[in-house]
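Notes to accompany the following structure.
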Amino acid sequence: MPVYTPAEKPTMYFIGVTTTKSSIMKVFPRWMEHFGIDAQLKGIDFVPHSESSEYRKAVSFIKHDPLSLGALVTTHKLDCFRASKDLFEGVGPYAQLLQEASSISKRGTELWAHAKDPITSGLALEYFMKEGYFAQSDAQMLLLGAGGSSLALSLYLINKSRQSSDVPKHIIITNRSEQRLKEMQEIHAQLECPLSFSYELCPTPKDNDEVMARLPAGSVVINATGLGKDGPGSPLPPDARFPQDGYVWEFNYRGELEFLQQAKAAQQEKNLTIVDGWQYFIYGWTQVIAEVFHLDIPTTGPDFDVICDIALQATR
């Protein structure tokens, strides 16, 4: 289990599973240099679904150590928040709705929890999708997996649909187990969302492929299952039938990424636009860093391009 010692300089933490393998360990120092901040990043690794006391210990340490400024939380967002909820003086609206925290930060003496994924997933989607694409087509969206990242993107699209027609005509969410589908459906029902959703139980890759084969041309298919990074394999079979002229988005940027390889094999025949999780990674980290260090970090434009280039150069 992690050993906590008082930080000797301003420190941000990365609470995950295999934090040393993440590109952020190379990128973070370069970003800090760019922002003119003397700070370090330290990883805290837990196995998934660790004891609640272990999560509380980590959050309590950050709360009470003066030079520990906050953290980004990946796999443990739900467990960490539920175990430590009473330690936060402030909870953002998405964190309250989802009962999870991907961002831990301080505002003076107050410890705050935020769920950033509904913002960062949307920023990543807008980065590669042409503006007005959905408004001008019958494209649908297929979200493979009903976990936190899938729910986050659906919340972004629900909010966007209240002020724009540039959203998918219909969104299909599949999952191997029924419980997560029910939980997502219940959250969507609370929001009285104007979007059209359907929820399909798909225990096998073949089941997912049957759903994908029904999509109209130009639709978007997203791997939000974690397979290919957190676990081996793909949510689709080897002979997957991607939509003609479609978009394929792999949420992950590292790992074996079998889903991504399947899409690349069909790219020429189906005229697919393929995107990995790199941009999502950039937005995910910069949004939390902005919260922890109280920075105004751009999400578009030349200054943002510089931030992206720094990250790319750091990982080469």
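Ordering of the structure tokens sets the chain letters (A, B, ...), residue numbers begin anew at 1 in every chain, and ligands are numbered from 1 in the order given.
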Using only C-alpha atoms, tabulate the residues of segment 129-180 of chain A lying at most 12 Å from any atom of segment 68-76 of chain A, each with its closest atom pair and that distance in Å to one decimal, by chain and increasing residue number, as a tab-separated table.
residue	atom	partner	partner_atom	distance
A:Gly147	CA	A:Thr75	CA	10.8
A:Gly148	CA	A:Thr75	CA	9.5
A:Ser149	CA	A:Thr74	CA	10.3
- Message: Give me, as a ChimeraX atom specification, all polymer residues having an atom no more than 9 Å from segment 153-164 of chain A, counting only C-alpha atoms and skipping those fewer than 3 positions away in the same chain.
- Response: /A:117-122,125,135,143,148-150,167-168,171,188,191,193-195
Let's have the selection written as a compact mmCIF listing (two decimals), in the first residue's frame, with C-alpha atoms.
# COMPACT_ATOMS: atom_id res chain seq x y z
CA ASP A 117 -15.31 13.62 -17.99
CA PRO A 118 -18.61 15.11 -19.22
CA ILE A 119 -16.58 18.18 -20.18
CA THR A 120 -13.40 16.56 -21.47
CA SER A 121 -15.12 13.87 -23.55
CA GLY A 122 -17.18 16.57 -25.25
CA LEU A 125 -15.46 14.86 -29.66
CA ALA A 135 -27.23 18.52 -37.94
CA LEU A 143 -21.46 3.64 -27.47
CA GLY A 148 -18.42 6.05 -16.57
CA SER A 149 -16.82 7.35 -19.77
CA SER A 150 -19.84 6.37 -21.84
CA VAL A 167 -26.12 16.02 -32.01
CA PRO A 168 -26.67 12.41 -33.13
CA ILE A 171 -27.69 7.08 -29.51
CA HIS A 188 -30.99 9.92 -18.26
CA LEU A 191 -32.57 14.71 -16.70
CA CYS A 193 -33.26 14.53 -21.87
CA PRO A 194 -34.41 15.62 -25.34
CA LEU A 195 -32.11 13.10 -27.05
- Quick one: residues within 12 Å of Glu183 of chain A, only C-alpha atoms counted, chain neighbours fewer than 6 positions away excluded, as a list in words?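 The neighbour list is Leu98, Ala146, Gly147, Gly148, Leu151, Ile173, Asn175, Ser177, Ala189, Gln190 and Tyr199 of chain A.
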- Message: Could you pull out the strand (DSSP E) residues of segment 105-287 of chain A, going by DSSP on the backbone, and write them as a ChimeraX atom specification?
- Response: /A:105-107,110-114,141-144,171-175,197-201,220-223,247-250,273-275
- Task: Determine the nearest neighbour of Ile222 of chain A from the options A:Val292, A:Met141, A:Ala265, A:Ala240, counting only C-alpha atoms.
- Result: A:Met141
- Item | Among listed residues A:Gly218, A:Pro302, A:Pro243, A:Gly228, nearest Lys270 of chain A (using only C-alpha atoms) |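 Checking each of A:Gly218, A:Pro302, A:Pro243, A:Gly228 against Lys270 of chain A, counting only C-alpha atoms, the winner is A:Pro243.
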Set the distance at 6 Å and use only C-alpha atoms: which residues neighbour Pro205 of chain A once local chain neighbours fewer than 3 positions away are removed? I'd like the list as a PDB file with N, CA and C atoms, in the first residue's frame.
ATOM      1  N   ASN A 208     -22.738  -7.079 -30.231  1.00  0.00           N
ATOM      2  CA  ASN A 208     -22.400  -5.689 -30.550  1.00  0.00           C
ATOM      3  C   ASN A 208     -22.348  -5.459 -32.053  1.00  0.00           C
ATOM      4  N   PRO A 235     -14.503  -5.267 -28.005  1.00  0.00           N
ATOM      5  CA  PRO A 235     -15.944  -5.512 -27.900  1.00  0.00           C
ATOM      6  C   PRO A 235     -16.571  -5.971 -29.208  1.00  0.00           C
ATOM      7  N   LEU A 236     -15.768  -6.058 -30.286  1.00  0.00           N
ATOM      8  CA  LEU A 236     -16.267  -6.470 -31.594  1.00  0.00           C
ATOM      9  C   LEU A 236     -15.559  -7.734 -32.076  1.00  0.00           C
ATOM     10  N   PRO A 237     -16.226  -8.536 -32.927  1.00  0.00           N
ATOM     11  CA  PRO A 237     -15.587  -9.731 -33.472  1.00  0.00           C
ATOM     12  C   PRO A 237     -14.585  -9.363 -34.569  1.00  0.00           C
TER      13      PRO A 237
END
- Task: Would you return as a PyMOL selection string the members of segment 14-220 of chain A that DSSP assigns to alpha helix (DSSP H) on this structure's backbone?
- Result: chain A and resi 24-35+52-64+77-84+93-98+117-128+148-161+178-190+205-212
